[in-house]
Amino acid sequence: MTFCSLLSVALVLLYSSILCSLGCDLSQGLQEDFSLLNQMSTFSLVPCLKDRINFNFPKEAMEGNQLQREDAKVIVHEMLQQIFTLFSQNAAPAAWNQTQVMQLLIGLDQQMEKLERCLAQNVEWEEPSLGSKNSRLALRSYFQGMSQYLEGKKYSHCAWELIRIEIRKYFLFMSKLTRKFRD
């Protein structure tokens with residue numbers, strides 16, 4: 001192989017790795033979704049404090065330092081999917097800015113598509129690890145608890161506000177996890 005051929009191969013590999021890493025960077029989209037969650041309501045939480053509940057986020061199943069890069073991608077995808085499902089299948093309060101709710105759903109969908117492309121680009125990735133399967137099950141149970149809470153509270157404005165606040169915290173968690181697949 002000539003020097004020019006080797007240089008060409010090296011440039012192609014460098015270019016494709018840059019494209020792949022750019023395709024996996026969710027930081028801007030997550031920040032935009034977080035901002036939408038902050039802006040969509042100006043409701044005071046004071047009347048809702050009596051309805052607070054600990055949803056018991058499965059931290060132990062999501063230990064960021066122990067997760068592999070691909071596991072982190074699968075977990076972030078699952079979180080985005082569950083948030084999307086929660087907001088799309090349950091009517092959000094009429095007092096919320098409905099345009100922002102729709103923008104949030106569109107943003108979540110775009111983040112999931114980006115992650116799916118990112119996972120598909122990794123030819124080594126075939127099946128999630130047992131750790132990520134357990135984490136996904138724990139996440140599904142966690143979000144099911146949120147759905148049951150909303151249903152039990154008859155989708156009240158206060159219940160939705162508490163869910164919105166809860167989910168905001170996990171956008172910060174997802175941002176931390178996404179650094180794993182940029183590093």
# chains A, B, ... in the order shown; residues from 1 in each chain; ligands from 1
$ residues_around --residues "Phe43 (chain A)" --least-positions-apart "5" --cutoff "9 Å" --atoms "only C-alpha atoms" --output "list in words"
Ala95, Trp96, His157, Cys158 and Glu161 of chain A
$ residues_around --residues "Gly29 (chain A)" --least-positions-apart "6" --cutoff "10 Å" --atoms "only C-alpha atoms" --output "list in words"
Ser35, Leu104, Gly107, Leu108, Gln110, Gln111 and Ser175 of chain A
$ write_last_selection --atoms "all heavy atoms" --output "tab-separated table (two decimals), in the first residue's frame"
chain	number	residue	atom	x	y	z
A	35	SER	N	-35.12	22.82	28.85
A	35	SER	CA	-35.64	24.19	28.86
A	35	SER	C	-37.14	24.23	28.61
A	35	SER	O	-37.87	25.00	29.25
A	35	SER	CB	-34.92	25.04	27.81
A	35	SER	OG	-33.57	25.20	28.16
A	104	LEU	N	-41.68	19.53	22.86
A	104	LEU	CA	-41.00	18.54	23.70
A	104	LEU	C	-41.11	17.15	23.07
A	104	LEU	O	-40.11	16.44	22.96
A	104	LEU	CB	-41.57	18.54	25.11
A	104	LEU	CG	-41.02	17.45	26.04
A	104	LEU	CD1	-39.54	17.68	26.33
A	104	LEU	CD2	-41.83	17.41	27.33
A	107	GLY	N	-38.90	16.98	20.07
A	107	GLY	CA	-37.50	16.91	20.50
A	107	GLY	C	-37.13	15.53	21.02
A	107	GLY	O	-36.06	14.99	20.70
A	108	LEU	N	-38.01	14.94	21.82
A	108	LEU	CA	-37.75	13.59	22.34
A	108	LEU	C	-37.65	12.59	21.20
A	108	LEU	O	-36.74	11.73	21.19
A	108	LEU	CB	-38.86	13.18	23.31
A	108	LEU	CG	-38.91	13.91	24.64
A	108	LEU	CD1	-40.22	13.62	25.37
A	108	LEU	CD2	-37.71	13.57	25.51
A	110	GLN	N	-36.78	13.19	18.10
A	110	GLN	CA	-35.53	13.44	17.38
A	110	GLN	C	-34.33	12.86	18.12
A	110	GLN	O	-33.43	12.28	17.51
A	110	GLN	CB	-35.33	14.94	17.14
A	110	GLN	CG	-36.28	15.51	16.14
A	110	GLN	CD	-36.24	17.03	16.06
A	110	GLN	OE1	-35.69	17.71	16.94
A	110	GLN	NE2	-36.83	17.57	15.01
A	111	GLN	N	-34.32	12.99	19.45
A	111	GLN	CA	-33.23	12.44	20.24
A	111	GLN	C	-33.20	10.91	20.13
A	111	GLN	O	-32.14	10.31	20.01
A	111	GLN	CB	-33.35	12.85	21.71
A	111	GLN	CG	-33.30	14.33	21.96
A	111	GLN	CD	-32.04	14.99	21.46
A	111	GLN	OE1	-30.94	14.49	21.66
A	111	GLN	NE2	-32.18	16.10	20.79
A	175	SER	N	-27.95	13.80	30.61
A	175	SER	CA	-26.82	14.58	30.10
A	175	SER	C	-25.51	13.99	30.60
A	175	SER	O	-24.54	13.87	29.85
A	175	SER	CB	-26.93	16.03	30.52
A	175	SER	OG	-28.02	16.65	29.89
$ closest_residue --among "A:Asp25, A:Asp51, A:Glu116, A:Asp109" --to "Ile83 (chain A)" --atoms "only C-alpha atoms"
A:Asp109
$ atom_distance --atom1 "CA of Leu80 (chain A)" --atom2 "CA of Pro47 (chain A)"
28.8 Å
$ closest_residue --among "A:Thr178, A:Gln148, A:Asn134, A:Asn90" --to "Lys59 (chain A)" --atoms "only C-alpha atoms"
A:Asn134
$ closest_residue --among "A:Val101, A:Leu26, A:Val76, A:Leu139" --to "Gln39 (chain A)" --atoms "only C-alpha atoms"
A:Val101
$ atom_distance --atom1 "CA of Ile165 (chain A)" --atom2 "CA of Val74 (chain A)"
23.4 Å
$ select_by_dssp --residues "region 30-119 of chain A" --states "helix (DSSP H, G or I)" --output "PyMOL selection string"
chain A and resi 30-39+46-51+59-62+69-89+98-119
$ residues_around --residues "Ala94 (chain A)" --least-positions-apart "5" --cutoff "12 Å" --atoms "only C-alpha atoms" --output "list in words"
Met40, Ser41, Phe43, Thr99, Gln100, Val101, Tyr155, Ser156, His157 and Trp160 of chain A
$ closest_residue --among "A:Thr85, A:Met102, A:Ile163, A:Ile75" --to "Ala138 (chain A)" --atoms "only C-alpha atoms"
A:Ile75
$ decode --residues "region 47-58 of chain A" --atoms "all heavy atoms" --output "PDB file, in the first residue's frame"
ATOM      1  N   PRO A  47     -49.407  24.645  46.314  1.00  0.00           N
ATOM      2  CA  PRO A  47     -50.611  23.834  46.576  1.00  0.00           C
ATOM      3  C   PRO A  47     -50.383  22.332  46.348  1.00  0.00           C
ATOM      4  O   PRO A  47     -51.186  21.520  46.800  1.00  0.00           O
ATOM      5  CB  PRO A  47     -51.646  24.364  45.578  1.00  0.00           C
ATOM      6  CG  PRO A  47     -51.064  25.536  44.909  1.00  0.00           C
ATOM      7  CD  PRO A  47     -49.613  25.589  45.228  1.00  0.00           C
ATOM      8  N   CYS A  48     -49.305  21.976  45.686  1.00  0.00           N
ATOM      9  CA  CYS A  48     -49.063  20.574  45.330  1.00  0.00           C
ATOM     10  C   CYS A  48     -48.187  19.836  46.343  1.00  0.00           C
ATOM     11  O   CYS A  48     -48.042  18.609  46.243  1.00  0.00           O
ATOM     12  CB  CYS A  48     -48.382  20.505  43.961  1.00  0.00           C
ATOM     13  SG  CYS A  48     -49.314  21.310  42.655  1.00  0.00           S
ATOM     14  N   LEU A  49     -47.615  20.558  47.273  1.00  0.00           N
ATOM     15  CA  LEU A  49     -46.664  19.934  48.188  1.00  0.00           C
ATOM     16  C   LEU A  49     -47.274  18.771  48.973  1.00  0.00           C
ATOM     17  O   LEU A  49     -46.591  17.795  49.279  1.00  0.00           O
ATOM     18  CB  LEU A  49     -46.079  20.983  49.141  1.00  0.00           C
ATOM     19  CG  LEU A  49     -45.208  22.043  48.455  1.00  0.00           C
ATOM     20  CD1 LEU A  49     -44.726  23.065  49.471  1.00  0.00           C
ATOM     21  CD2 LEU A  49     -44.047  21.405  47.717  1.00  0.00           C
ATOM     22  N   LYS A  50     -48.573  18.836  49.233  1.00  0.00           N
ATOM     23  CA  LYS A  50     -49.236  17.744  49.969  1.00  0.00           C
ATOM     24  C   LYS A  50     -49.293  16.459  49.143  1.00  0.00           C
ATOM     25  O   LYS A  50     -49.434  15.365  49.690  1.00  0.00           O
ATOM     26  CB  LYS A  50     -50.640  18.178  50.384  1.00  0.00           C
ATOM     27  CG  LYS A  50     -51.577  18.398  49.219  1.00  0.00           C
ATOM     28  CD  LYS A  50     -52.939  18.890  49.657  1.00  0.00           C
ATOM     29  CE  LYS A  50     -53.917  19.151  48.560  1.00  0.00           C
ATOM     30  NZ  LYS A  50     -53.492  19.333  47.220  1.00  0.00           N
ATOM     31  N   ASP A  51     -49.166  16.577  47.830  1.00  0.00           N
ATOM     32  CA  ASP A  51     -49.250  15.414  46.934  1.00  0.00           C
ATOM     33  C   ASP A  51     -47.888  14.822  46.576  1.00  0.00           C
ATOM     34  O   ASP A  51     -47.824  13.864  45.805  1.00  0.00           O
ATOM     35  CB  ASP A  51     -49.958  15.806  45.626  1.00  0.00           C
ATOM     36  CG  ASP A  51     -51.419  16.145  45.840  1.00  0.00           C
ATOM     37  OD1 ASP A  51     -52.011  15.635  46.810  1.00  0.00           O
ATOM     38  OD2 ASP A  51     -51.970  16.915  45.040  1.00  0.00           O
ATOM     39  N   ARG A  52     -46.824  15.391  47.132  1.00  0.00           N
ATOM     40  CA  ARG A  52     -45.488  14.888  46.778  1.00  0.00           C
ATOM     41  C   ARG A  52     -45.333  13.422  47.123  1.00  0.00           C
ATOM     42  O   ARG A  52     -45.903  12.928  48.094  1.00  0.00           O
ATOM     43  CB  ARG A  52     -44.402  15.678  47.504  1.00  0.00           C
ATOM     44  CG  ARG A  52     -44.085  16.974  46.889  1.00  0.00           C
ATOM     45  CD  ARG A  52     -42.867  17.591  47.489  1.00  0.00           C
ATOM     46  NE  ARG A  52     -42.983  17.617  48.942  1.00  0.00           N
ATOM     47  CZ  ARG A  52     -42.105  18.148  49.747  1.00  0.00           C
ATOM     48  NH1 ARG A  52     -41.029  18.697  49.266  1.00  0.00           N
ATOM     49  NH2 ARG A  52     -42.277  18.142  51.050  1.00  0.00           N
ATOM     50  N   ILE A  53     -44.535  12.764  46.291  1.00  0.00           N
ATOM     51  CA  ILE A  53     -44.273  11.331  46.478  1.00  0.00           C
ATOM     52  C   ILE A  53     -42.849  11.065  45.991  1.00  0.00           C
ATOM     53  O   ILE A  53     -42.343  11.742  45.106  1.00  0.00           O
ATOM     54  CB  ILE A  53     -45.294  10.472  45.686  1.00  0.00           C
ATOM     55  CG1 ILE A  53     -45.082   8.995  45.940  1.00  0.00           C
ATOM     56  CG2 ILE A  53     -45.252  10.783  44.216  1.00  0.00           C
ATOM     57  CD1 ILE A  53     -46.150   8.106  45.328  1.00  0.00           C
ATOM     58  N   ASN A  54     -42.208  10.086  46.589  1.00  0.00           N
ATOM     59  CA  ASN A  54     -40.893   9.670  46.122  1.00  0.00           C
ATOM     60  C   ASN A  54     -41.117   8.552  45.108  1.00  0.00           C
ATOM     61  O   ASN A  54     -41.595   7.470  45.456  1.00  0.00           O
ATOM     62  CB  ASN A  54     -40.033   9.183  47.292  1.00  0.00           C
ATOM     63  CG  ASN A  54     -38.644   8.787  46.847  1.00  0.00           C
ATOM     64  OD1 ASN A  54     -38.330   8.763  45.663  1.00  0.00           O
ATOM     65  ND2 ASN A  54     -37.798   8.473  47.808  1.00  0.00           N
ATOM     66  N   PHE A  55     -40.789   8.826  43.867  1.00  0.00           N
ATOM     67  CA  PHE A  55     -40.997   7.835  42.814  1.00  0.00           C
ATOM     68  C   PHE A  55     -39.910   6.766  42.783  1.00  0.00           C
ATOM     69  O   PHE A  55     -39.995   5.817  42.032  1.00  0.00           O
ATOM     70  CB  PHE A  55     -41.094   8.522  41.451  1.00  0.00           C
ATOM     71  CG  PHE A  55     -42.328   9.352  41.303  1.00  0.00           C
ATOM     72  CD1 PHE A  55     -42.276  10.730  41.443  1.00  0.00           C
ATOM     73  CD2 PHE A  55     -43.554   8.760  41.036  1.00  0.00           C
ATOM     74  CE1 PHE A  55     -43.417  11.507  41.310  1.00  0.00           C
ATOM     75  CE2 PHE A  55     -44.699   9.524  40.909  1.00  0.00           C
ATOM     76  CZ  PHE A  55     -44.630  10.895  41.047  1.00  0.00           C
ATOM     77  N   ASN A  56     -38.888   6.928  43.615  1.00  0.00           N
ATOM     78  CA  ASN A  56     -37.806   5.949  43.746  1.00  0.00           C
ATOM     79  C   ASN A  56     -37.122   5.625  42.425  1.00  0.00           C
ATOM     80  O   ASN A  56     -37.173   4.492  41.935  1.00  0.00           O
ATOM     81  CB  ASN A  56     -38.320   4.663  44.404  1.00  0.00           C
ATOM     82  CG  ASN A  56     -38.753   4.891  45.832  1.00  0.00           C
ATOM     83  OD1 ASN A  56     -38.087   5.601  46.577  1.00  0.00           O
ATOM     84  ND2 ASN A  56     -39.884   4.320  46.202  1.00  0.00           N
ATOM     85  N   PHE A  57     -36.482   6.639  41.863  1.00  0.00           N
ATOM     86  CA  PHE A  57     -35.702   6.418  40.653  1.00  0.00           C
ATOM     87  C   PHE A  57     -34.680   5.318  40.906  1.00  0.00           C
ATOM     88  O   PHE A  57     -33.994   5.327  41.925  1.00  0.00           O
ATOM     89  CB  PHE A  57     -35.001   7.718  40.240  1.00  0.00           C
ATOM     90  CG  PHE A  57     -34.226   7.591  38.976  1.00  0.00           C
ATOM     91  CD1 PHE A  57     -34.877   7.515  37.752  1.00  0.00           C
ATOM     92  CD2 PHE A  57     -32.840   7.547  38.989  1.00  0.00           C
ATOM     93  CE1 PHE A  57     -34.171   7.397  36.577  1.00  0.00           C
ATOM     94  CE2 PHE A  57     -32.130   7.434  37.807  1.00  0.00           C
ATOM     95  CZ  PHE A  57     -32.795   7.360  36.597  1.00  0.00           C
ATOM     96  N   PRO A  58     -34.567   4.345  40.005  1.00  0.00           N
ATOM     97  CA  PRO A  58     -33.678   3.185  40.229  1.00  0.00           C
ATOM     98  C   PRO A  58     -32.200   3.529  40.036  1.00  0.00           C
ATOM     99  O   PRO A  58     -31.558   3.056  39.107  1.00  0.00           O
ATOM    100  CB  PRO A  58     -34.175   2.177  39.193  1.00  0.00           C
ATOM    101  CG  PRO A  58     -34.734   3.013  38.096  1.00  0.00           C
ATOM    102  CD  PRO A  58     -35.326   4.231  38.764  1.00  0.00           C
TER     103      PRO A  58
END
